[in-house]
Amino acid sequence: MANWQLIEEVRARNPLVHVITNIVVANDLANGLLALGASPIMASAVEEMVELGGLADVVVINIGTLNADLVASMLAVGKAANAAGTPVVLDPVGVGATAYRRETVRRLLAEIQFAVIRGNIGELASIAGVDWNARGVDAGSGDTTQATDIALKVAREYKTVVAISGAVDTISDGEHVRTIKNGDPLLPQITGSGCLLSCMIAAFVSVTDDYLTAVVTASASYAIASEYAAKTLKRNLPASFRIAFIDELALLHTHDHEKLASIEEVR
């Protein structure tokens, strides 16, 4: 279900990860990717997008702080990446919060083929057309037992791998479903933790054609890194955890994933 050798593959290949992201988290995403062993580029000018879509090993589109210029860049780089055979990962941050976000994601999904869509359950519920009580970029509240159905629905409709992140991660390619029960409670207390997971998933996707295994491996090892980080703290405080967590991403290859990973095959 997971292939831990992918951790070494990322470190060996140093994939170029092109990220169009939001102003809140760009620095942490770049540092996290560097710690992992990837090479980030955080460009957003539309004039560069066609070239970068073919140059990068993988592209991440994060809609966290949208504006019209960014949407144009997202569409340009996504289409260029598709043409070049470069995988594209979508992080639909807060998609259900406003009509503008919903329309932007609808357009992105219509015009770009995504290898992976990763978000919290509120975001994926919005894409699936399932009623959900979400607020802003938070996951909100609802029947979390629907995660499997939501993941399957979105994966099948958009022919992609879906990763729903939360206390339990749910991952599906439209046929298979995996759940992961790892991660420290401090992880959602640092802003951009989900955004960084999307980037980590992208790095893993760039080194294999088995996207389902890549997403499971990236998600599990990311969550396990948070558990290692929490163990180094004298006090369980979010700022200290943030630094320790990035350090643990640099030490990812030393973690005992086989022993600690709690991965279940649901179907």
# chains A, B, ... in the order shown; residues from 1 in each chain; ligands from 1
call {"tool": "select_by_dssp", "arguments": {"residues": "region 14-234 of chain A", "states": "strand (DSSP E)", "output": "JSON, numbers by chain"}}
result
{"A": [16, 17, 18, 19, 20, 39, 40, 41, 58, 59, 60, 61, 62, 88, 89, 90, 91, 116, 117, 118, 119, 120, 161, 162, 163, 164, 165, 169, 170, 171, 172, 177, 178, 179, 180]}
call {"tool": "residues_around", "arguments": {"residues": "Arg118 (chain A)", "least_positions_apart": "5", "cutoff": "12 Å", "atoms": "only C-alpha atoms", "output": "ChimeraX atom specification"}}
result
/A:60-63,88-95,123-125,127,151,154-155,160-166,169-173,194-202,215-216,218-219
call {"tool": "residues_around", "arguments": {"residues": "region 230-239 of chain A", "least_positions_apart": "4", "cutoff": "12 Å", "atoms": "only C-alpha atoms", "output": "PyMOL selection string"}}
result
chain A and resi 183-191+193+223-226+243-248
call {"tool": "select_by_dssp", "arguments": {"residues": "region 43-165 of chain A", "states": "helix (DSSP H, G or I)", "output": "ChimeraX atom specification"}}
result
/A:46-55,68-84,99-111,121-128,144-158
call {"tool": "closest_residue", "arguments": {"among": "A:Gly192, A:Gly37, A:Gly53, A:Gly32", "to": "Pro87 (chain A)", "atoms": "only C-alpha atoms"}}
result
A:Gly53
call {"tool": "closest_residue", "arguments": {"among": "A:Ala35, A:Ala229, A:Val24, A:Val266", "to": "Leu66 (chain A)", "atoms": "only C-alpha atoms"}}
result
A:Val24
